[in-house]
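Peer 1: What follows is a structure written as structure tokens; I'll ask about it next.
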Amino acid sequence: MKIVLFGPPGAGKGTQAVRLTERMAIPHISTGDMFRAAIQQGTPTGLEAKSYMDRGELVPDEVTTRIVAERIAKPDCQNGFILDGFPRTVAQAQALADIAEIDVVVNFVADDEALVRRLGGRRSCPTHGIYHIDWISGDKVHCPECGETLVKRADDEETTIRNRLTVYHAQTAPVVDYYQRKGVLKEVDGMLSVADTYKIVTELLGVAP
Ligand code: AMP
């Protein structure tokens, strides 16, 4: 199955993608993760992406579409994939349509102010994944499981979060209409718990949880 997890930053796409990729045994393709890896490796793509990401803006379509096309062409994507954070513009959705036929787009719906709170409290452990500081009682600086220092993403500062949401409404939200017209759009409330969202998403995809 070729799946797109769609929605504003912080709506839970990445968290659900990690669960679904294990459950469905198809790759999780996150353009944000690919760009962050490219930045760490100091590749030309990483250098180009960094200035946009730091401002909470979108990396140009040509760059983003190229890295996705290269990734989807790999043999492990033959039986399907889960795209997380792509497409983010109608031009990206059109470019994707030229290389793959998407079966289902799950749109995670969430309120801006709730997203600002969620993203502002988001931390990650390199080994144990994503936390929200509200979930951790006591020490909120270290991973409750392994004691590693938790990391806050540079673009999870409030000014950048608000810019990412403005960019989402202006450039990304129109993609909803594009997929609605194609008849592949399904919707989930992105503000539910991780477990409840997972249950609904698996139902929408027609797979056992
Ligand atoms: P994410 O991890 O999905 O929140 O993405 C982090 C940042 O990477 C975004 O704010 C953009 O700067 C960039 N990015 C990720 N995916 C895309 C995309 N499909 N198109 C353009 N920029 C992207």
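For the structure tokens, the naming scheme is as follows: chains receive sequential letters (A, B, ...) according to their order of presentation, residues are indexed from 1 within each chain, and ligands are indexed from 1 in presentation order.
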Can you tell me which residues come within 8 Å of ligand 1 when counting only C-alpha atoms and all ligand atoms, ideally as an NGL selection string?

Peer 2: :A and (9-10 or 14 or 30-33 or 35-36 or 49-50 or 52-61 or 64-65 or 84-89 or 92 or 155 or 164)

Peer 1: Just the residues within 9 Å of range 67-71 of chain A, please, counting only C-alpha atoms, with nothing from its chain fewer than 2 positions along; format it as a PDB file with all heavy atoms, in the first residue's frame.

Peer 2:
```pdb
ATOM      1  N   ILE A  29       9.069   6.958   5.071  1.00  0.00           N
ATOM      2  CA  ILE A  29       9.882   7.969   4.390  1.00  0.00           C
ATOM      3  C   ILE A  29       9.482   9.342   4.909  1.00  0.00           C
ATOM      4  O   ILE A  29       8.400   9.842   4.597  1.00  0.00           O
ATOM      5  CB  ILE A  29       9.688   7.886   2.863  1.00  0.00           C
ATOM      6  CG1 ILE A  29      10.010   6.473   2.362  1.00  0.00           C
ATOM      7  CG2 ILE A  29      10.545   8.938   2.156  1.00  0.00           C
ATOM      8  CD1 ILE A  29       9.702   6.248   0.892  1.00  0.00           C
ATOM      9  N   THR A  31      10.551  13.197   4.865  1.00  0.00           N
ATOM     10  CA  THR A  31      11.450  14.157   4.210  1.00  0.00           C
ATOM     11  C   THR A  31      12.184  14.997   5.259  1.00  0.00           C
ATOM     12  O   THR A  31      13.360  15.308   5.077  1.00  0.00           O
ATOM     13  CB  THR A  31      10.670  15.048   3.220  1.00  0.00           C
ATOM     14  OG1 THR A  31       9.405  15.389   3.781  1.00  0.00           O
ATOM     15  CG2 THR A  31      10.474  14.355   1.904  1.00  0.00           C
ATOM     16  N   MET A  34      15.017  12.978   6.434  1.00  0.00           N
ATOM     17  CA  MET A  34      16.046  12.883   5.380  1.00  0.00           C
ATOM     18  C   MET A  34      16.872  14.169   5.326  1.00  0.00           C
ATOM     19  O   MET A  34      18.096  14.134   5.201  1.00  0.00           O
ATOM     20  CB  MET A  34      15.393  12.597   4.013  1.00  0.00           C
ATOM     21  CG  MET A  34      14.853  11.175   3.920  1.00  0.00           C
ATOM     22  SD  MET A  34      13.721  10.985   2.526  1.00  0.00           S
ATOM     23  CE  MET A  34      14.828  10.541   1.247  1.00  0.00           C
ATOM     24  N   THR A  45      22.781  18.787  -0.392  1.00  0.00           N
ATOM     25  CA  THR A  45      21.332  18.892  -0.144  1.00  0.00           C
ATOM     26  C   THR A  45      21.086  19.414   1.267  1.00  0.00           C
ATOM     27  O   THR A  45      20.229  20.275   1.489  1.00  0.00           O
ATOM     28  CB  THR A  45      20.659  17.502  -0.308  1.00  0.00           C
ATOM     29  OG1 THR A  45      20.899  17.047  -1.629  1.00  0.00           O
ATOM     30  CG2 THR A  45      19.171  17.562  -0.043  1.00  0.00           C
ATOM     31  N   GLU A  62      11.935  21.386  -6.123  1.00  0.00           N
ATOM     32  CA  GLU A  62      12.821  20.540  -6.960  1.00  0.00           C
ATOM     33  C   GLU A  62      13.699  19.652  -6.083  1.00  0.00           C
ATOM     34  O   GLU A  62      13.896  18.464  -6.371  1.00  0.00           O
ATOM     35  CB  GLU A  62      13.765  21.352  -7.853  1.00  0.00           C
ATOM     36  CG  GLU A  62      13.253  22.589  -8.518  1.00  0.00           C
ATOM     37  CD  GLU A  62      13.159  23.765  -7.580  1.00  0.00           C
ATOM     38  OE1 GLU A  62      14.171  24.424  -7.298  1.00  0.00           O
ATOM     39  OE2 GLU A  62      12.015  24.011  -7.120  1.00  0.00           O
ATOM     40  N   VAL A  63      14.216  20.256  -4.996  1.00  0.00           N
ATOM     41  CA  VAL A  63      15.129  19.517  -4.114  1.00  0.00           C
ATOM     42  C   VAL A  63      14.362  18.390  -3.411  1.00  0.00           C
ATOM     43  O   VAL A  63      14.786  17.229  -3.377  1.00  0.00           O
ATOM     44  CB  VAL A  63      15.722  20.473  -3.034  1.00  0.00           C
ATOM     45  CG1 VAL A  63      16.669  19.738  -2.116  1.00  0.00           C
ATOM     46  CG2 VAL A  63      16.395  21.664  -3.682  1.00  0.00           C
ATOM     47  N   THR A  64      13.197  18.746  -2.872  1.00  0.00           N
ATOM     48  CA  THR A  64      12.415  17.797  -2.077  1.00  0.00           C
ATOM     49  C   THR A  64      11.897  16.652  -2.944  1.00  0.00           C
ATOM     50  O   THR A  64      11.983  15.476  -2.583  1.00  0.00           O
ATOM     51  CB  THR A  64      11.242  18.549  -1.412  1.00  0.00           C
ATOM     52  OG1 THR A  64      11.747  19.739  -0.819  1.00  0.00           O
ATOM     53  CG2 THR A  64      10.586  17.696  -0.367  1.00  0.00           C
ATOM     54  N   THR A  65      11.402  17.021  -4.119  1.00  0.00           N
ATOM     55  CA  THR A  65      10.838  16.000  -5.002  1.00  0.00           C
ATOM     56  C   THR A  65      11.935  15.043  -5.488  1.00  0.00           C
ATOM     57  O   THR A  65      11.714  13.841  -5.598  1.00  0.00           O
ATOM     58  CB  THR A  65      10.144  16.697  -6.197  1.00  0.00           C
ATOM     59  OG1 THR A  65       9.159  17.566  -5.664  1.00  0.00           O
ATOM     60  CG2 THR A  65       9.486  15.704  -7.108  1.00  0.00           C
ATOM     61  N   ALA A  73      12.432   4.994  -5.596  1.00  0.00           N
ATOM     62  CA  ALA A  73      12.940   4.098  -6.645  1.00  0.00           C
ATOM     63  C   ALA A  73      13.694   2.901  -6.059  1.00  0.00           C
ATOM     64  O   ALA A  73      14.003   1.941  -6.768  1.00  0.00           O
ATOM     65  CB  ALA A  73      13.849   4.884  -7.580  1.00  0.00           C
ATOM     66  N   LYS A  74      13.993   2.937  -4.754  1.00  0.00           N
ATOM     67  CA  LYS A  74      14.767   1.837  -4.148  1.00  0.00           C
ATOM     68  C   LYS A  74      13.887   0.581  -4.018  1.00  0.00           C
ATOM     69  O   LYS A  74      12.665   0.684  -3.842  1.00  0.00           O
ATOM     70  CB  LYS A  74      15.313   2.268  -2.790  1.00  0.00           C
ATOM     71  CG  LYS A  74      16.305   3.409  -2.941  1.00  0.00           C
ATOM     72  CD  LYS A  74      17.308   3.456  -1.826  1.00  0.00           C
ATOM     73  CE  LYS A  74      18.417   4.428  -2.238  1.00  0.00           C
ATOM     74  NZ  LYS A  74      18.958   5.193  -1.181  1.00  0.00           N
ATOM     75  N   CYS A  77      10.869  -0.198  -1.603  1.00  0.00           N
ATOM     76  CA  CYS A  77       9.594   0.522  -1.725  1.00  0.00           C
ATOM     77  C   CYS A  77       8.632  -0.153  -2.708  1.00  0.00           C
ATOM     78  O   CYS A  77       7.536   0.354  -2.950  1.00  0.00           O
ATOM     79  CB  CYS A  77       9.839   1.963  -2.161  1.00  0.00           C
ATOM     80  SG  CYS A  77      10.613   2.959  -0.879  1.00  0.00           S
ATOM     81  N   PHE A  86       5.493  14.661   3.223  1.00  0.00           N
ATOM     82  CA  PHE A  86       5.558  14.870   1.771  1.00  0.00           C
ATOM     83  C   PHE A  86       4.314  14.228   1.154  1.00  0.00           C
ATOM     84  O   PHE A  86       3.997  13.098   1.529  1.00  0.00           O
ATOM     85  CB  PHE A  86       6.810  14.210   1.173  1.00  0.00           C
ATOM     86  CG  PHE A  86       6.953  14.438  -0.316  1.00  0.00           C
ATOM     87  CD1 PHE A  86       7.701  15.497  -0.812  1.00  0.00           C
ATOM     88  CD2 PHE A  86       6.316  13.594  -1.222  1.00  0.00           C
ATOM     89  CE1 PHE A  86       7.809  15.715  -2.177  1.00  0.00           C
ATOM     90  CE2 PHE A  86       6.421  13.809  -2.591  1.00  0.00           C
ATOM     91  CZ  PHE A  86       7.176  14.862  -3.065  1.00  0.00           C
ATOM     92  N   ALA A  95       4.001  16.116  -8.772  1.00  0.00           N
ATOM     93  CA  ALA A  95       5.239  15.400  -9.116  1.00  0.00           C
ATOM     94  C   ALA A  95       5.176  13.965  -8.587  1.00  0.00           C
ATOM     95  O   ALA A  95       5.627  13.023  -9.257  1.00  0.00           O
ATOM     96  CB  ALA A  95       6.450  16.129  -8.538  1.00  0.00           C
ATOM     97  N   LEU A  96       4.608  13.782  -7.404  1.00  0.00           N
ATOM     98  CA  LEU A  96       4.476  12.432  -6.831  1.00  0.00           C
ATOM     99  C   LEU A  96       3.572  11.568  -7.711  1.00  0.00           C
ATOM    100  O   LEU A  96       3.862  10.385  -7.938  1.00  0.00           O
ATOM    101  CB  LEU A  96       3.920  12.542  -5.402  1.00  0.00           C
ATOM    102  CG  LEU A  96       3.662  11.219  -4.676  1.00  0.00           C
ATOM    103  CD1 LEU A  96       4.963  10.422  -4.493  1.00  0.00           C
ATOM    104  CD2 LEU A  96       3.019  11.471  -3.303  1.00  0.00           C
ATOM    105  N   ILE A  99       5.191   9.609 -10.375  1.00  0.00           N
ATOM    106  CA  ILE A  99       6.093   8.483 -10.077  1.00  0.00           C
ATOM    107  C   ILE A  99       5.424   7.380  -9.255  1.00  0.00           C
ATOM    108  O   ILE A  99       5.944   6.276  -9.169  1.00  0.00           O
ATOM    109  CB  ILE A  99       7.397   8.953  -9.356  1.00  0.00           C
ATOM    110  CG1 ILE A  99       7.082   9.828  -8.133  1.00  0.00           C
ATOM    111  CG2 ILE A  99       8.329   9.660 -10.321  1.00  0.00           C
ATOM    112  CD1 ILE A  99       8.323  10.222  -7.325  1.00  0.00           C
TER     113      ILE A  99
END
```

Peer 1: What is the distance between CA of Val4 in chain A and CA of Val116 in chain A, in Å to one decimal?

Peer 2: 22.9 Å

Peer 1: Just want the 10 Å neighbourhood of Lys182 in chain A, counted on only C-alpha atoms, with same-chain residues fewer than 5 positions away dropped. Output as a ChimeraX atom specification.

Peer 2: /A:102-104,176-177

Peer 1: I need the residues from that last selection saved to file as an mmCIF file, in the first residue's frame (with N, CA, C and O atoms), if you can.

Peer 2:
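Output (selection_32.cif):
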```cif
data_model
loop_
_atom_site.group_PDB
_atom_site.id
_atom_site.type_symbol
_atom_site.label_atom_id
_atom_site.label_comp_id
_atom_site.auth_asym_id
_atom_site.auth_seq_id
_atom_site.Cartn_x
_atom_site.Cartn_y
_atom_site.Cartn_z
ATOM 1 N N ILE A 102 -0.830 6.915 -5.342
ATOM 2 C CA ILE A 102 -1.087 6.860 -3.902
ATOM 3 C C ILE A 102 -2.450 6.213 -3.645
ATOM 4 O O ILE A 102 -3.456 6.590 -4.250
ATOM 5 N N ASP A 103 -2.480 5.245 -2.735
ATOM 6 C CA ASP A 103 -3.733 4.538 -2.430
ATOM 7 C C ASP A 103 -4.576 5.285 -1.424
ATOM 8 O O ASP A 103 -5.798 5.336 -1.536
ATOM 9 N N VAL A 104 -3.917 5.827 -0.401
ATOM 10 C CA VAL A 104 -4.682 6.515 0.629
ATOM 11 C C VAL A 104 -3.863 7.632 1.266
ATOM 12 O O VAL A 104 -2.653 7.496 1.480
ATOM 13 N N VAL A 176 -4.991 19.234 0.427
ATOM 14 C CA VAL A 176 -6.171 18.471 0.867
ATOM 15 C C VAL A 176 -7.184 18.393 -0.270
ATOM 16 O O VAL A 176 -7.694 17.308 -0.584
ATOM 17 N N ASP A 177 -7.462 19.534 -0.916
ATOM 18 C CA ASP A 177 -8.434 19.559 -2.020
ATOM 19 C C ASP A 177 -7.975 18.671 -3.175
ATOM 20 O O ASP A 177 -8.774 17.981 -3.799
#
```

Peer 1: For range 130-133 of chain A, list every protein, DNA or RNA residue within 10 Å, evaluated using only C-alpha atoms, and leave out those in the same chain fewer than 3 positions away; present the list as a list in words.

Peer 2: Gly14, Thr15, Arg117, Arg118, Leu119, Gly120, Gly121, Arg122, Arg123, Ser124, Cys125, Pro126, Thr127, Ile136, Ser137, Gly138, Asp139, Lys140, Val141, Cys143, Pro144, Leu150, Val151 and Lys152 of chain A

Peer 1: Generate the output file for the selected residues, N, CA, C and O atoms, as a compact mmCIF listing (two decimals), in the first residue's frame.

Peer 2:
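Just written: part.txt:
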```txt
# COMPACT_ATOMS: atom_id res chain seq x y z
N GLY A 14 4.46 11.58 12.36
CA GLY A 14 5.71 10.84 12.56
C GLY A 14 5.54 9.71 13.57
O GLY A 14 6.01 8.59 13.34
N THR A 15 4.84 10.00 14.66
CA THR A 15 4.63 8.98 15.71
C THR A 15 3.85 7.80 15.13
O THR A 15 4.20 6.63 15.36
N ARG A 117 1.51 24.21 21.51
CA ARG A 117 1.84 23.64 22.83
C ARG A 117 2.56 22.30 22.67
O ARG A 117 3.55 22.01 23.33
N ARG A 118 2.05 21.49 21.74
CA ARG A 118 2.65 20.17 21.54
C ARG A 118 4.09 20.25 21.06
O ARG A 118 4.99 19.61 21.59
N LEU A 119 4.31 21.08 20.04
CA LEU A 119 5.65 21.15 19.46
C LEU A 119 6.64 21.83 20.40
O LEU A 119 7.80 21.43 20.48
N GLY A 120 6.14 22.82 21.16
CA GLY A 120 7.02 23.52 22.11
C GLY A 120 7.53 22.59 23.20
O GLY A 120 8.63 22.79 23.73
N GLY A 121 6.75 21.56 23.52
CA GLY A 121 7.16 20.63 24.58
C GLY A 121 7.76 19.34 24.03
O GLY A 121 8.02 18.40 24.78
N ARG A 122 7.96 19.29 22.72
CA ARG A 122 8.46 18.05 22.11
C ARG A 122 9.96 17.89 22.34
O ARG A 122 10.73 18.82 22.15
N ARG A 123 10.37 16.71 22.77
CA ARG A 123 11.78 16.40 22.95
C ARG A 123 12.01 15.01 22.35
O ARG A 123 11.08 14.22 22.25
N SER A 124 13.27 14.70 22.04
CA SER A 124 13.50 13.34 21.58
C SER A 124 14.76 12.75 22.18
O SER A 124 15.72 13.47 22.47
N CYS A 125 14.69 11.45 22.37
CA CYS A 125 15.85 10.67 22.81
C CYS A 125 16.33 9.91 21.58
O CYS A 125 15.52 9.33 20.86
N PRO A 126 17.65 9.91 21.32
CA PRO A 126 18.15 9.22 20.13
C PRO A 126 17.75 7.74 20.11
O PRO A 126 17.57 7.16 19.03
N THR A 127 17.58 7.14 21.27
CA THR A 127 17.24 5.71 21.32
C THR A 127 15.74 5.47 21.50
O THR A 127 15.18 4.57 20.88
N ILE A 136 6.41 13.57 31.19
CA ILE A 136 7.50 13.14 32.06
C ILE A 136 7.33 13.79 33.42
O ILE A 136 7.27 15.02 33.51
N SER A 137 7.25 12.97 34.46
CA SER A 137 7.18 13.59 35.79
C SER A 137 8.62 13.72 36.29
O SER A 137 9.47 12.88 36.00
N GLY A 138 8.89 14.78 37.01
CA GLY A 138 10.25 14.98 37.53
C GLY A 138 11.18 15.55 36.48
O GLY A 138 10.81 16.46 35.75
N ASP A 139 12.38 14.98 36.36
CA ASP A 139 13.44 15.47 35.46
C ASP A 139 12.97 15.44 33.99
O ASP A 139 12.73 14.37 33.42
N LYS A 140 12.86 16.64 33.39
CA LYS A 140 12.37 16.71 32.01
C LYS A 140 13.52 16.92 31.02
O LYS A 140 13.31 17.22 29.85
N VAL A 141 14.74 16.83 31.54
CA VAL A 141 15.92 17.11 30.71
C VAL A 141 16.51 15.81 30.16
O VAL A 141 17.10 15.79 29.08
N CYS A 143 16.20 11.48 29.28
CA CYS A 143 15.27 10.42 28.89
C CYS A 143 14.91 9.59 30.12
O CYS A 143 15.81 9.10 30.82
N PRO A 144 13.59 9.42 30.39
CA PRO A 144 13.18 8.65 31.57
C PRO A 144 13.63 7.18 31.47
O PRO A 144 13.74 6.49 32.48
N LEU A 150 17.73 14.74 26.58
CA LEU A 150 16.70 14.87 25.54
C LEU A 150 17.03 16.07 24.65
O LEU A 150 17.56 17.07 25.11
N VAL A 151 16.67 15.96 23.37
CA VAL A 151 17.00 17.00 22.40
C VAL A 151 15.73 17.72 21.97
O VAL A 151 14.70 17.10 21.71
N LYS A 152 15.82 19.07 21.92
CA LYS A 152 14.72 19.86 21.38
C LYS A 152 15.11 20.29 19.98
O LYS A 152 16.21 20.81 19.77
```

Peer 1: Got a sec: who's within 12 Å of Pro209 in chain A, counting only C-alpha atoms, leaving out chain neighbours fewer than 4 positions off, as a ChimeraX atom specification?

Peer 2: /A:16,19-24,195-205

Peer 1: Output the selection as a compact mmCIF listing (two decimals), in the first residue's frame - all heavy atoms for each residue.

Peer 2:
```txt
# COMPACT_ATOMS: atom_id res chain seq x y z
N GLN A 16 2.80 8.09 14.37
CA GLN A 16 2.00 7.01 13.79
C GLN A 16 2.78 6.28 12.70
O GLN A 16 2.67 5.05 12.56
CB GLN A 16 0.68 7.55 13.21
CG GLN A 16 -0.23 8.15 14.26
CD GLN A 16 -0.65 7.16 15.35
OE1 GLN A 16 -0.84 5.97 15.08
NE2 GLN A 16 -0.78 7.63 16.57
N ARG A 19 4.92 3.52 14.14
CA ARG A 19 4.16 2.31 14.49
C ARG A 19 3.72 1.54 13.24
O ARG A 19 3.79 0.32 13.18
CB ARG A 19 2.90 2.71 15.27
CG ARG A 19 3.21 3.25 16.63
CD ARG A 19 1.93 3.46 17.38
NE ARG A 19 2.20 3.38 18.80
CZ ARG A 19 1.35 2.94 19.70
NH1 ARG A 19 0.15 2.52 19.36
NH2 ARG A 19 1.66 2.90 20.97
N LEU A 20 3.25 2.30 12.24
CA LEU A 20 2.71 1.65 11.03
C LEU A 20 3.80 0.93 10.23
O LEU A 20 3.57 -0.12 9.66
CB LEU A 20 2.02 2.67 10.14
CG LEU A 20 0.71 3.26 10.70
CD1 LEU A 20 0.26 4.44 9.84
CD2 LEU A 20 -0.39 2.21 10.75
N THR A 21 5.00 1.54 10.21
CA THR A 21 6.07 0.93 9.41
C THR A 21 6.43 -0.45 9.98
O THR A 21 6.70 -1.40 9.23
CB THR A 21 7.29 1.87 9.32
OG1 THR A 21 8.20 1.40 8.35
CG2 THR A 21 8.04 2.03 10.61
N GLU A 22 6.37 -0.58 11.32
CA GLU A 22 6.64 -1.89 11.95
C GLU A 22 5.50 -2.85 11.66
O GLU A 22 5.71 -4.00 11.31
CB GLU A 22 6.77 -1.72 13.47
CG GLU A 22 8.12 -1.19 13.87
CD GLU A 22 8.23 -0.99 15.37
OE1 GLU A 22 7.49 -1.63 16.14
OE2 GLU A 22 9.08 -0.17 15.77
N ARG A 23 4.28 -2.34 11.80
CA ARG A 23 3.09 -3.20 11.63
C ARG A 23 2.96 -3.69 10.18
O ARG A 23 2.63 -4.83 9.93
CB ARG A 23 1.85 -2.39 12.05
CG ARG A 23 0.51 -3.01 11.71
CD ARG A 23 0.30 -4.30 12.47
NE ARG A 23 -0.87 -5.03 11.99
CZ ARG A 23 -0.86 -5.81 10.93
NH1 ARG A 23 0.24 -5.96 10.20
NH2 ARG A 23 -1.96 -6.45 10.57
N MET A 24 3.26 -2.80 9.22
CA MET A 24 2.97 -3.13 7.82
C MET A 24 4.20 -3.59 7.04
O MET A 24 4.08 -3.99 5.88
CB MET A 24 2.35 -1.90 7.13
CG MET A 24 1.06 -1.46 7.81
SD MET A 24 0.34 0.00 7.05
CE MET A 24 -0.36 -0.69 5.56
N ALA A 195 -2.50 6.03 21.17
CA ALA A 195 -3.12 4.71 21.03
C ALA A 195 -4.45 4.82 20.27
O ALA A 195 -4.72 4.01 19.36
CB ALA A 195 -3.34 4.09 22.41
N ASP A 196 -5.27 5.82 20.62
CA ASP A 196 -6.57 5.97 19.95
C ASP A 196 -6.38 6.33 18.47
O ASP A 196 -7.09 5.83 17.59
CB ASP A 196 -7.42 7.05 20.63
CG ASP A 196 -7.98 6.57 21.96
OD1 ASP A 196 -7.90 5.35 22.23
OD2 ASP A 196 -8.46 7.42 22.73
N THR A 197 -5.40 7.21 18.21
CA THR A 197 -5.15 7.61 16.81
C THR A 197 -4.70 6.39 16.01
O THR A 197 -5.17 6.16 14.89
CB THR A 197 -4.06 8.71 16.74
OG1 THR A 197 -4.42 9.76 17.64
CG2 THR A 197 -3.92 9.27 15.35
N TYR A 198 -3.83 5.59 16.62
CA TYR A 198 -3.32 4.40 15.92
C TYR A 198 -4.48 3.45 15.56
O TYR A 198 -4.54 2.93 14.44
CB TYR A 198 -2.30 3.68 16.80
CG TYR A 198 -1.74 2.43 16.17
CD1 TYR A 198 -0.91 2.50 15.06
CD2 TYR A 198 -2.05 1.16 16.67
CE1 TYR A 198 -0.41 1.35 14.45
CE2 TYR A 198 -1.55 0.01 16.09
CZ TYR A 198 -0.73 0.12 14.98
OH TYR A 198 -0.24 -1.02 14.38
N LYS A 199 -5.40 3.28 16.52
CA LYS A 199 -6.54 2.38 16.29
C LYS A 199 -7.36 2.88 15.08
O LYS A 199 -7.70 2.10 14.19
CB LYS A 199 -7.41 2.35 17.56
CG LYS A 199 -8.42 1.28 17.60
CD LYS A 199 -8.99 1.13 19.01
CE LYS A 199 -10.21 0.25 18.99
NZ LYS A 199 -11.40 0.92 18.44
N ILE A 200 -7.63 4.18 15.08
CA ILE A 200 -8.44 4.74 13.98
C ILE A 200 -7.69 4.66 12.65
O ILE A 200 -8.25 4.27 11.62
CB ILE A 200 -8.85 6.20 14.31
CG1 ILE A 200 -9.78 6.20 15.51
CG2 ILE A 200 -9.50 6.87 13.10
CD1 ILE A 200 -10.04 7.56 16.11
N VAL A 201 -6.40 4.98 12.68
CA VAL A 201 -5.63 4.98 11.42
C VAL A 201 -5.57 3.56 10.83
O VAL A 201 -5.75 3.37 9.63
CB VAL A 201 -4.21 5.58 11.61
CG1 VAL A 201 -3.35 5.39 10.37
CG2 VAL A 201 -4.30 7.07 11.95
N THR A 202 -5.35 2.56 11.69
CA THR A 202 -5.30 1.18 11.17
C THR A 202 -6.65 0.78 10.58
O THR A 202 -6.72 0.13 9.55
CB THR A 202 -4.83 0.17 12.24
OG1 THR A 202 -5.58 0.37 13.43
CG2 THR A 202 -3.35 0.25 12.51
N GLU A 203 -7.74 1.24 11.24
CA GLU A 203 -9.08 0.95 10.70
C GLU A 203 -9.24 1.60 9.32
O GLU A 203 -9.72 0.96 8.38
CB GLU A 203 -10.16 1.52 11.62
CG GLU A 203 -10.59 0.54 12.70
CD GLU A 203 -11.42 1.23 13.79
OE1 GLU A 203 -12.00 2.32 13.53
OE2 GLU A 203 -11.44 0.70 14.90
N LEU A 204 -8.81 2.87 9.22
CA LEU A 204 -8.93 3.58 7.94
C LEU A 204 -8.14 2.88 6.84
O LEU A 204 -8.53 2.87 5.68
CB LEU A 204 -8.41 5.03 8.07
CG LEU A 204 -9.23 5.99 8.92
CD1 LEU A 204 -8.53 7.34 9.01
CD2 LEU A 204 -10.62 6.17 8.34
N LEU A 205 -6.99 2.31 7.24
CA LEU A 205 -6.13 1.64 6.24
C LEU A 205 -6.57 0.20 5.98
O LEU A 205 -6.04 -0.47 5.08
CB LEU A 205 -4.66 1.66 6.72
CG LEU A 205 -4.01 3.03 6.87
CD1 LEU A 205 -2.60 2.90 7.46
CD2 LEU A 205 -3.96 3.76 5.53
```

Peer 1: Chain A: which residues are helix (DSSP H, G or I) by DSSP, as a PyMOL selection string?

Peer 2: chain A and resi 13-24+31-41+44-55+61-72+75-77+90-99+112-120+133-135+154-156+158-172+174-182+194-205

Peer 1: Quick one, how far is CA of Lys2 in chain A from CA of Tyr178 in chain A?

Peer 2: 16.6 Å
